[in-house]
$ cat query.txt   # compact mmCIF, C-alpha atoms
# COMPACT_ATOMS: atom_id res chain seq x y z
CA MET R 1 -32.01 44.17 123.71
CA ASN R 2 -30.09 44.71 126.92
CA SER R 3 -27.71 47.17 125.23
CA THR R 4 -30.45 49.55 123.99
CA PRO R 5 -30.79 51.68 127.15
CA ALA R 6 -27.02 52.27 127.41
CA ARG R 7 -26.80 54.77 124.53
CA PRO R 8 -29.40 57.31 125.73
CA ALA R 9 -28.07 56.93 129.27
CA ARG R 10 -24.66 58.12 128.06
CA TRP R 11 -26.24 61.02 126.16
CA LEU R 12 -28.04 62.09 129.31
CA ARG R 13 -25.01 62.05 131.58
CA VAL R 14 -23.57 65.41 130.51
CA PRO R 15 -26.77 67.52 130.80
CA ARG R 16 -27.70 65.78 134.04
CA ALA R 17 -24.25 66.34 135.51
CA LEU R 18 -24.31 69.98 134.39
CA PHE R 19 -27.78 70.57 135.82
CA ALA R 20 -26.69 69.02 139.12
CA ARG R 21 -23.92 71.63 139.34
CA LEU R 22 -26.33 74.53 138.99
CA GLY R 23 -27.96 76.07 142.05
CA PRO R 24 -27.88 79.53 143.65
CA GLY R 25 -26.30 81.13 140.57
CA LEU R 26 -29.02 79.90 138.24
CA ILE R 27 -31.81 80.99 140.61
CA THR R 28 -30.10 84.36 141.12
CA GLY R 29 -29.84 84.85 137.35
CA ALA R 30 -33.54 84.06 136.92
CA ALA R 31 -34.46 86.48 139.72
CA ASP R 32 -32.35 89.20 138.07
CA ASP R 33 -34.85 89.48 135.20
CA ASP R 34 -37.53 90.73 137.60
CA PRO R 35 -40.25 93.25 136.68
CA SER R 36 -37.75 96.04 137.32
CA GLY R 37 -35.40 94.50 134.78
CA ILE R 38 -38.15 93.91 132.22
CA ALA R 39 -39.30 97.52 132.53
CA THR R 40 -35.77 98.91 132.36
CA TYR R 41 -34.72 96.93 129.29
CA SER R 42 -38.05 97.67 127.60
CA GLN R 43 -37.66 101.40 128.24
CA VAL R 44 -34.05 101.37 127.00
CA GLY R 45 -35.05 99.55 123.80
CA ALA R 46 -38.02 101.83 123.17
CA GLN R 47 -36.12 105.05 123.91
CA PHE R 48 -32.71 104.34 122.37
CA GLY R 49 -33.36 101.55 119.89
CA TYR R 50 -30.44 99.16 119.42
CA THR R 51 -27.74 101.64 120.44
CA LEU R 52 -27.46 100.60 124.13
CA GLY R 53 -27.39 96.85 123.56
CA TRP R 54 -23.65 96.96 124.29
CA SER R 55 -24.38 97.92 127.92
CA VAL R 56 -25.88 94.47 128.61
CA VAL R 57 -23.02 92.69 126.81
CA LEU R 58 -20.46 94.77 128.72
CA ALA R 59 -22.21 94.13 132.03
CA LEU R 60 -22.01 90.32 131.77
CA PRO R 61 -18.36 89.71 132.82
CA PHE R 62 -18.64 92.32 135.58
CA MET R 63 -21.91 90.79 136.77
CA VAL R 64 -20.37 87.29 136.82
CA ALA R 65 -17.31 88.53 138.71
CA VAL R 66 -19.31 90.29 141.43
CA GLN R 67 -21.72 87.38 141.87
CA GLU R 68 -18.81 84.93 142.07
CA ILE R 69 -17.15 87.09 144.73
CA SER R 70 -20.33 87.10 146.82
CA ALA R 71 -20.76 83.33 146.36
CA ARG R 72 -17.16 82.70 147.40
CA ILE R 73 -17.65 84.72 150.59
CA GLY R 74 -20.75 82.74 151.48
CA ARG R 75 -19.28 79.33 150.64
CA ILE R 76 -15.87 79.76 152.29
CA THR R 77 -16.91 81.65 155.42
CA GLY R 78 -20.18 79.75 155.88
CA ARG R 79 -21.84 83.11 156.54
CA GLY R 80 -23.77 85.60 154.46
CA LEU R 81 -22.55 89.08 153.53
CA GLY R 82 -24.34 90.70 156.46
CA ALA R 83 -22.47 88.52 158.97
CA ALA R 84 -19.16 88.94 157.15
CA MET R 85 -19.52 92.73 157.09
CA GLU R 86 -20.57 92.90 160.74
CA ALA R 87 -17.62 90.74 161.79
CA HIS R 88 -14.85 92.36 159.75
CA LEU R 89 -15.86 95.96 159.02
CA PRO R 90 -16.35 98.83 161.47
CA ARG R 91 -19.86 98.32 162.83
CA PRO R 92 -21.20 101.76 161.72
CA LEU R 93 -19.98 101.08 158.17
CA ALA R 94 -21.45 97.57 158.11
CA LEU R 95 -24.83 98.76 159.38
CA SER R 96 -24.82 101.67 156.91
CA LEU R 97 -24.26 99.30 153.98
CA ILE R 98 -27.05 97.01 155.22
CA LEU R 99 -29.36 100.00 155.61
CA LEU R 100 -28.53 101.06 152.05
CA LEU R 101 -29.41 97.57 150.86
CA ALA R 102 -32.71 97.63 152.78
CA ILE R 103 -33.74 100.99 151.29
CA ALA R 104 -32.94 99.86 147.74
CA ASN R 105 -34.75 96.55 148.31
CA VAL R 106 -37.93 98.11 149.72
CA PHE R 107 -38.11 100.51 146.78
CA ASN R 108 -37.52 97.59 144.37
CA LEU R 109 -40.17 95.51 146.18
CA GLY R 110 -42.71 98.31 145.87
CA ALA R 111 -41.94 98.81 142.20
CA ASP R 112 -42.26 95.08 141.48
CA LEU R 113 -45.54 94.81 143.42
CA GLY R 114 -46.89 97.87 141.60
CA ALA R 115 -45.99 96.43 138.20
CA MET R 116 -47.69 93.13 139.06
CA ALA R 117 -50.80 94.99 140.23
CA GLN R 118 -50.88 97.12 137.08
CA THR R 119 -50.53 93.96 135.00
CA ALA R 120 -53.46 92.37 136.87
CA HIS R 121 -55.48 95.53 136.19
CA MET R 122 -54.54 95.36 132.50
CA LEU R 123 -55.93 91.82 132.28
CA ALA R 124 -58.98 91.97 134.56
CA GLY R 125 -59.67 95.60 135.46
CA GLY R 126 -60.35 96.50 139.06
CA PRO R 127 -58.44 98.59 141.64
CA GLU R 128 -54.65 98.40 141.30
CA ARG R 129 -53.99 99.22 144.95
CA LEU R 130 -56.21 96.39 146.15
CA TYR R 131 -54.30 94.03 143.86
CA THR R 132 -51.04 95.32 145.34
CA VAL R 133 -52.11 94.57 148.91
CA ALA R 134 -53.46 91.14 147.93
CA ILE R 135 -50.27 90.19 146.07
CA ALA R 136 -48.09 91.38 148.97
CA ILE R 137 -50.09 89.36 151.52
CA PHE R 138 -49.96 86.28 149.27
CA CYS R 139 -46.18 86.66 148.92
CA VAL R 140 -45.67 86.96 152.69
CA ILE R 141 -47.77 83.86 153.37
CA ALA R 142 -46.02 81.93 150.59
CA GLU R 143 -42.57 82.96 151.86
CA ILE R 144 -43.41 81.72 155.36
CA ARG R 145 -45.53 78.66 154.61
CA ILE R 146 -44.23 77.16 151.34
CA PRO R 147 -40.74 75.55 151.27
CA TYR R 148 -38.68 77.83 149.06
CA ARG R 149 -37.26 75.04 146.85
CA ARG R 150 -40.76 73.85 145.98
CA TYR R 151 -41.90 77.44 145.40
CA VAL R 152 -39.04 78.09 142.98
CA THR R 153 -39.69 74.89 141.03
CA VAL R 154 -43.21 76.08 140.18
CA LEU R 155 -42.19 79.64 139.34
CA LYS R 156 -39.44 78.58 136.94
CA PHE R 157 -42.17 77.49 134.52
CA LEU R 158 -43.75 80.97 134.66
CA THR R 159 -40.45 82.73 134.06
CA ALA R 160 -40.13 80.72 130.85
CA ALA R 161 -42.64 83.22 129.43
CA LEU R 162 -39.68 85.60 129.10
CA LEU R 163 -38.36 83.36 126.32
CA ALA R 164 -41.08 84.96 124.18
CA TYR R 165 -38.68 87.92 123.84
CA VAL R 166 -36.02 85.53 122.53
CA ALA R 167 -38.57 84.03 120.12
CA LEU R 168 -39.27 87.56 118.83
CA LEU R 169 -35.78 87.62 117.33
CA PHE R 170 -36.67 84.67 115.09
CA VAL R 171 -40.03 86.08 113.98
CA LEU R 172 -39.18 89.70 113.17
CA ARG R 173 -37.16 90.87 110.21
CA LEU R 174 -34.28 92.49 112.06
CA PRO R 175 -31.45 94.71 110.82
CA ALA R 176 -28.55 92.42 111.74
CA ARG R 177 -25.88 95.05 111.11
CA GLU R 178 -27.55 97.61 113.38
CA ILE R 179 -28.08 95.05 116.12
CA LEU R 180 -24.47 93.85 116.02
CA ALA R 181 -23.22 97.44 116.03
CA GLY R 182 -25.45 98.25 119.00
CA ALA R 183 -24.33 95.15 120.90
CA LEU R 184 -20.60 95.37 120.20
CA ILE R 185 -19.74 99.05 119.69
CA PRO R 186 -20.15 101.28 122.77
CA ARG R 187 -21.92 104.51 121.85
CA LEU R 188 -23.31 106.94 124.39
CA THR R 189 -24.40 110.56 124.24
CA LEU R 190 -23.32 112.34 127.38
CA ASP R 191 -26.72 113.68 128.36
CA ARG R 192 -28.80 112.95 131.44
CA PRO R 193 -31.38 110.59 129.81
CA ALA R 194 -28.66 108.37 128.30
CA LEU R 195 -26.61 108.29 131.51
CA LEU R 196 -29.75 107.54 133.54
CA ALA R 197 -30.53 104.67 131.19
CA LEU R 198 -26.97 103.33 131.47
CA ILE R 199 -26.93 103.37 135.29
CA ALA R 200 -30.40 101.77 135.26
CA VAL R 201 -29.13 98.93 133.06
CA PHE R 202 -26.12 98.38 135.30
CA GLY R 203 -28.29 98.76 138.41
CA THR R 204 -30.88 96.21 137.38
CA THR R 205 -28.17 93.84 136.10
CA ILE R 206 -25.70 94.21 138.99
CA SER R 207 -28.05 94.60 141.96
CA PRO R 208 -27.05 94.50 145.66
CA TYR R 209 -29.87 92.16 146.64
CA LEU R 210 -28.42 89.53 144.28
CA PHE R 211 -25.04 89.70 146.07
CA PHE R 212 -26.58 89.11 149.49
CA TRP R 213 -28.91 86.43 148.20
CA GLN R 214 -26.31 84.27 146.47
CA ALA R 215 -23.91 84.55 149.42
CA ALA R 216 -26.68 83.53 151.84
CA GLU R 217 -27.70 80.55 149.70
CA GLU R 218 -24.09 79.35 149.44
CA ALA R 219 -23.66 79.80 153.20
CA GLU R 220 -26.71 77.64 153.90
CA ASP R 221 -25.21 74.85 151.77
CA ALA R 222 -21.65 75.26 153.09
CA GLY R 223 -22.06 73.01 156.11
CA ARG R 224 -22.84 69.99 153.95
CA ILE R 225 -19.34 69.77 152.42
CA PRO R 226 -16.02 69.27 154.28
CA ALA R 227 -13.87 72.39 154.25
CA ASP R 228 -10.63 70.69 153.12
CA GLY R 229 -8.63 72.13 150.24
CA ALA R 230 -9.83 69.69 147.57
CA ALA R 231 -13.48 70.13 148.53
CA VAL R 232 -13.19 73.93 148.50
CA ALA R 233 -11.48 73.88 145.09
CA GLY R 234 -14.29 71.72 143.75
CA GLU R 235 -16.90 74.06 145.19
CA LEU R 236 -15.21 77.13 143.70
CA ALA R 237 -15.24 75.42 140.28
CA ARG R 238 -18.96 74.64 140.72
CA ILE R 239 -19.65 78.24 141.72
CA ARG R 240 -17.98 79.49 138.54
CA VAL R 241 -20.03 77.19 136.27
CA ASP R 242 -23.23 77.95 138.18
CA THR R 243 -22.68 81.71 138.09
CA TRP R 244 -21.75 81.87 134.41
CA ALA R 245 -24.79 79.76 133.49
CA GLY R 246 -27.23 81.84 135.52
CA MET R 247 -25.90 85.25 134.48
CA THR R 248 -25.52 84.33 130.80
CA TYR R 249 -29.15 83.17 130.69
CA SER R 250 -30.22 86.37 132.44
CA ASN R 251 -28.32 88.67 130.08
CA ALA R 252 -29.42 86.80 126.95
CA VAL R 253 -33.02 87.48 127.94
CA SER R 254 -32.16 91.10 128.80
CA LEU R 255 -30.56 91.75 125.41
CA SER R 256 -33.53 90.08 123.69
CA ILE R 257 -35.92 92.47 125.47
CA ILE R 258 -33.91 95.50 124.31
CA ILE R 259 -33.76 94.24 120.72
CA GLY R 260 -37.42 93.19 120.71
CA THR R 261 -38.75 96.50 122.02
CA ALA R 262 -36.41 98.45 119.73
CA ALA R 263 -37.75 96.51 116.73
CA THR R 264 -41.43 96.78 117.68
CA LEU R 265 -41.79 100.06 119.58
CA HIS R 266 -38.84 102.35 118.82
CA VAL R 267 -39.12 101.92 115.06
CA HIS R 268 -42.78 103.00 115.26
CA GLY R 269 -42.03 106.12 117.27
CA ILE R 270 -43.02 104.75 120.70
CA THR R 271 -40.13 105.93 122.84
CA ASP R 272 -41.68 106.13 126.30
CA ILE R 273 -43.27 103.18 128.09
CA ALA R 274 -45.78 104.55 130.58
CA SER R 275 -47.85 101.44 131.35
CA ALA R 276 -47.84 97.66 131.39
CA ALA R 277 -50.00 97.69 128.24
CA ASP R 278 -47.32 99.71 126.41
CA ALA R 279 -44.64 97.20 127.40
CA ALA R 280 -46.85 94.22 126.53
CA SER R 281 -47.46 95.56 123.01
CA ALA R 282 -43.87 94.66 122.08
CA LEU R 283 -44.89 90.99 122.10
CA ALA R 284 -47.77 91.47 119.64
CA PRO R 285 -45.79 90.22 116.59
CA ILE R 286 -45.32 86.80 118.18
CA ALA R 287 -48.24 86.48 120.60
CA GLY R 288 -50.91 88.51 118.76
CA SER R 289 -54.00 88.91 120.90
CA PHE R 290 -52.28 86.89 123.63
CA ALA R 291 -49.45 89.44 123.98
CA ARG R 292 -50.86 90.84 127.21
CA LEU R 293 -51.26 87.36 128.68
CA VAL R 294 -47.72 86.32 127.78
CA PHE R 295 -46.37 89.59 129.22
CA ALA R 296 -48.45 89.07 132.37
CA LEU R 297 -47.07 85.55 132.86
CA GLY R 298 -43.54 86.92 132.58
CA ILE R 299 -44.21 89.75 135.02
CA PHE R 300 -45.96 87.51 137.56
CA GLY R 301 -43.45 84.68 137.22
CA THR R 302 -40.42 86.91 137.66
CA GLY R 303 -42.15 89.05 140.30
CA LEU R 304 -43.16 86.10 142.46
CA LEU R 305 -39.62 84.73 142.11
CA ALA R 306 -37.88 88.05 142.80
CA ILE R 307 -39.98 89.20 145.77
CA PRO R 308 -38.75 86.41 148.08
CA VAL R 309 -35.19 87.12 146.89
CA LEU R 310 -35.54 90.86 147.58
CA ALA R 311 -37.25 90.41 150.95
CA GLY R 312 -35.08 87.41 151.83
CA SER R 313 -31.80 89.21 151.10
CA THR R 314 -32.94 92.04 153.40
CA ALA R 315 -33.85 89.59 156.17
CA TYR R 316 -30.59 87.67 155.76
CA ALA R 317 -28.49 90.84 155.92
CA ILE R 318 -30.23 92.30 158.98
CA GLY R 319 -30.56 88.95 160.75
CA GLU R 320 -26.93 87.99 160.21
CA ALA R 321 -25.67 91.37 161.40
CA LEU R 322 -27.79 91.08 164.57
CA HIS R 323 -26.88 87.39 165.12
CA TRP R 324 -30.40 86.04 164.66
CA THR R 325 -31.34 82.57 163.47
CA VAL R 326 -31.81 82.99 159.72
CA GLY R 327 -32.72 80.87 156.71
CA LEU R 328 -35.64 80.03 154.46
CA SER R 329 -35.03 76.39 155.37
CA ARG R 330 -35.93 77.24 159.01
CA ARG R 331 -39.42 76.89 160.41
CA ALA R 332 -41.30 80.13 161.13
CA LEU R 333 -41.21 79.65 164.93
CA GLU R 334 -37.51 78.83 164.76
CA ALA R 335 -36.59 82.08 162.97
CA ARG R 336 -39.39 84.47 164.00
CA ALA R 337 -37.33 87.66 163.73
CA PHE R 338 -35.94 86.67 160.32
CA TYR R 339 -39.41 86.01 158.90
CA GLY R 340 -40.67 89.16 160.63
CA VAL R 341 -38.18 91.32 158.70
CA LEU R 342 -39.05 89.45 155.52
CA ALA R 343 -42.76 90.23 156.03
CA VAL R 344 -42.17 93.86 157.05
CA ALA R 345 -39.92 94.49 154.01
CA THR R 346 -42.55 93.06 151.65
CA LEU R 347 -45.39 95.05 153.19
CA ALA R 348 -43.28 98.22 153.37
CA GLY R 349 -42.90 97.97 149.61
CA VAL R 350 -46.67 98.44 149.35
CA GLY R 351 -46.17 102.03 150.51
CA ILE R 352 -44.21 102.78 147.32
CA VAL R 353 -47.30 101.89 145.28
CA PHE R 354 -49.33 104.53 147.11
CA SER R 355 -46.87 107.23 145.99
CA PRO R 356 -47.67 109.35 142.89
CA LEU R 357 -44.87 107.67 140.89
CA PRO R 358 -46.34 105.45 138.10
CA PRO R 359 -45.40 101.76 138.58
CA ILE R 360 -43.47 101.42 135.31
CA ARG R 361 -41.42 104.55 136.09
CA ALA R 362 -40.92 103.31 139.67
CA LEU R 363 -39.36 100.16 138.23
CA PHE R 364 -36.89 102.22 136.22
CA TRP R 365 -35.97 104.34 139.23
CA ALA R 366 -35.59 101.22 141.37
CA ALA R 367 -32.88 100.14 138.93
CA VAL R 368 -31.16 103.53 139.22
CA ILE R 369 -31.21 103.34 143.05
CA ASN R 370 -29.75 99.81 142.89
CA GLY R 371 -26.97 101.08 140.63
CA ILE R 372 -26.03 103.79 143.12
CA ALA R 373 -26.24 101.47 146.16
CA ALA R 374 -24.12 98.79 144.49
CA VAL R 375 -20.92 100.88 144.42
CA PRO R 376 -19.96 100.90 148.14
CA ILE R 377 -21.30 97.37 148.67
CA ILE R 378 -19.14 95.95 145.86
CA ALA R 379 -16.10 97.80 147.23
CA ALA R 380 -16.72 96.30 150.69
CA MET R 381 -17.13 92.80 149.21
CA VAL R 382 -13.86 92.94 147.27
CA ALA R 383 -12.02 94.25 150.34
CA LEU R 384 -13.41 91.45 152.52
CA ALA R 385 -12.75 88.69 149.99
CA SER R 386 -9.12 89.85 149.62
CA ARG R 387 -8.34 89.29 153.32
CA PRO R 388 -6.82 85.89 154.25
CA ALA R 389 -8.31 86.16 157.76
CA VAL R 390 -11.82 86.46 156.31
CA MET R 391 -11.46 83.85 153.56
CA ASP R 392 -9.51 81.22 155.53
CA GLY R 393 -6.61 81.65 153.12
CA HIS R 394 -8.77 81.26 149.98
CA ILE R 395 -8.55 84.89 148.89
CA LEU R 396 -9.73 86.09 145.49
CA PRO R 397 -7.42 85.43 142.54
CA ARG R 398 -5.93 88.62 141.12
CA TRP R 399 -8.17 88.74 138.02
CA LEU R 400 -11.29 88.54 140.18
CA ARG R 401 -10.04 91.34 142.47
CA VAL R 402 -9.33 93.51 139.42
CA MET R 403 -12.78 92.81 137.96
CA GLY R 404 -14.43 93.61 141.29
CA TRP R 405 -12.68 96.97 141.64
CA LEU R 406 -13.34 97.79 137.97
CA THR R 407 -17.05 97.07 138.48
CA ALA R 408 -17.23 99.44 141.45
CA ALA R 409 -15.27 102.08 139.53
CA LEU R 410 -17.42 101.73 136.39
CA MET R 411 -20.70 102.02 138.27
CA GLY R 412 -19.34 104.85 140.40
CA ALA R 413 -18.23 106.76 137.30
CA CYS R 414 -21.66 106.36 135.71
CA THR R 415 -23.35 107.61 138.88
CA LEU R 416 -20.99 110.59 139.18
CA ALA R 417 -21.46 111.50 135.51
CA MET R 418 -25.24 111.32 135.92
CA LEU R 419 -25.12 113.67 138.92
CA LEU R 420 -22.86 116.17 137.14
CA VAL R 421 -24.67 116.35 133.80
$ encode --input "query.txt" --output "structure tokens"
Amino acid sequence: MNSTPARPARWLRVPRALFARLGPGLITGAADDDPSGIATYSQVGAQFGYTLGWSVVLALPFMVAVQEISARIGRITGRGLGAAMEAHLPRPLALSLILLLAIANVFNLGADLGAMAQTAHMLAGGPERLYTVAIAIFCVIAEIRIPYRRYVTVLKFLTAALLAYVALLFVLRLPAREILAGALIPRLTLDRPALLALIAVFGTTISPYLFFWQAAEEAEDAGRIPADGAAVAGELARIRVDTWAGMTYSNAVSLSIIIGTAATLHVHGITDIASAADAASALAPIAGSFARLVFALGIFGTGLLAIPVLAGSTAYAIGEALHWTVGLSRRALEARAFYGVLAVATLAGVGIVFSPLPPIRALFWAAVINGIAAVPIIAAMVALASRPAVMDGHILPRWLRVMGWLTAALMGACTLAMLLV
């Protein structure tokens, strides 16, 4: 009788211990599959079928490397990327990189808000622009008034709606050989649409706001752990597990979206997704008449999770560079300027919705802009993390430096090719 509880307790130790090691990386991975990502992967699957699945598979190790670099900077220095850049780069360069981040983030915020508003219109009718303003105001109030950890706990359940795309793979009759070829064999036609799609995939997968966010979250936690060698080594091991877990989950969902939309839309001649309803129709084989609702839950869950990350990364970067008090754990009166930037960035995104660009296309272009902005920011991160003076002697291992420079080179080459074609 007294030995009965011991067996399940042992079974639970491993998953509990693993879950306890997951933090900023897992949240960052979940935020990566935001409405911009959903729209980009859906468009790629609809337009190119299975042939660009390899781009998501290829992006995973580069994504993990860059996110680990940003996390290391935050954990070891105890400061976010904005502060590290301001302290160790020429000030004009640091401010230019932060401005580039802010521009990309505001555009991404607007695109995400627009997609959420269009999804609300798809479900209930009514004016999309009014929905946009209402959602933006709600997000600002939530970001200021609701403790972020509690907010994230609720939204994680909504983001689980994205697993419907994974479930699609078990419901549809899929051509396994074509899917494996698309996922493992790089094929790309050197024309502008294909190159645009490739940079959009890389841009929505390897996004600057994710670098700043994970670094800032690690920096906020850094003060809780002694900075001796053993503690730092343990933290770096945790960061690696956390980052691999978060990014692998993110990319598994991303690849499922490409395969699912290729199997449901591309094969039926639907190669351009112009609205939320078009994107939602990919879920019809598994959700039937509830496809729009399931799609809406995914869009709202990921949107409400990503908007604080987008706005927060902007506020962290600007606040750190200007030596303000920053942090979502701070009270509003304690970090007024930080929360002011967060609110302004969110509301500035509303302006994107009032442009003539359709929300779903805006999401795709937000990914392209992120892909272009990521190149100089990644280069700056690798340079900083390779300096002993910045990293307190804990510089990047050689393989991580190589992966960081290769990521910047790969994304830069894609951008250059897109501009030249």
$ atom_distance --input "query.txt" --atom1 "atom CA of Val344 of chain R" --atom2 "atom CA of Ala104 of chain R"
14.4 Å
$ residues_around --input "query.txt" --residues "Gly82 of chain R" --least-positions-apart "6" --cutoff "10 Å" --atoms "only C-alpha atoms" --output "VMD selection string"
chain R and resid 94 to 95 97 to 98 212 215 to 216 313 to 323
$ closest_residue --input "query.txt" --among "R:Ala277, R:Val382, R:Leu347, R:Leu58" --to "His121 of chain R" --atoms "all atoms listed in the file"
R:Ala277
$ atom_distance --input "query.txt" --atom1 "atom CA of Thr119 of chain R" --atom2 "atom CA of Arg292 of chain R"
8.4 Å
$ residues_around --input "query.txt" --residues "Val133 of chain R" --least-positions-apart "4" --cutoff "10 Å" --atoms "only C-alpha atoms" --output "PyMOL selection string"
chain R and resi 113-114+117+128-129+137-139+347+349-351+353
$ atom_distance --input "query.txt" --atom1 "atom CA of Ala245 of chain R" --atom2 "atom CA of Leu60 of chain R"
11.1 Å
$ residues_around --input "query.txt" --residues "Ala164 of chain R" --least-positions-apart "4" --cutoff "9 Å" --atoms "only C-alpha atoms" --output "PyMOL selection string"
chain R and resi 160+168+283+286-287+294-295+298
$ closest_residue --input "query.txt" --among "R:Pro90, R:Gly74, R:Gly53, R:Pro358" --to "Ala274 of chain R" --atoms "only C-alpha atoms"
R:Pro358
$ closest_residue --input "query.txt" --among "R:Leu180, R:Ala59, R:Ile369, R:Ile76" --to "Asn108 of chain R" --atoms "all atoms listed in the file"
R:Ile369
$ closest_residue --input "query.txt" --among "R:Ala282, R:Ala136, R:Val201, R:Ile206" --to "Phe62 of chain R" --atoms "all atoms listed in the file"
R:Ile206
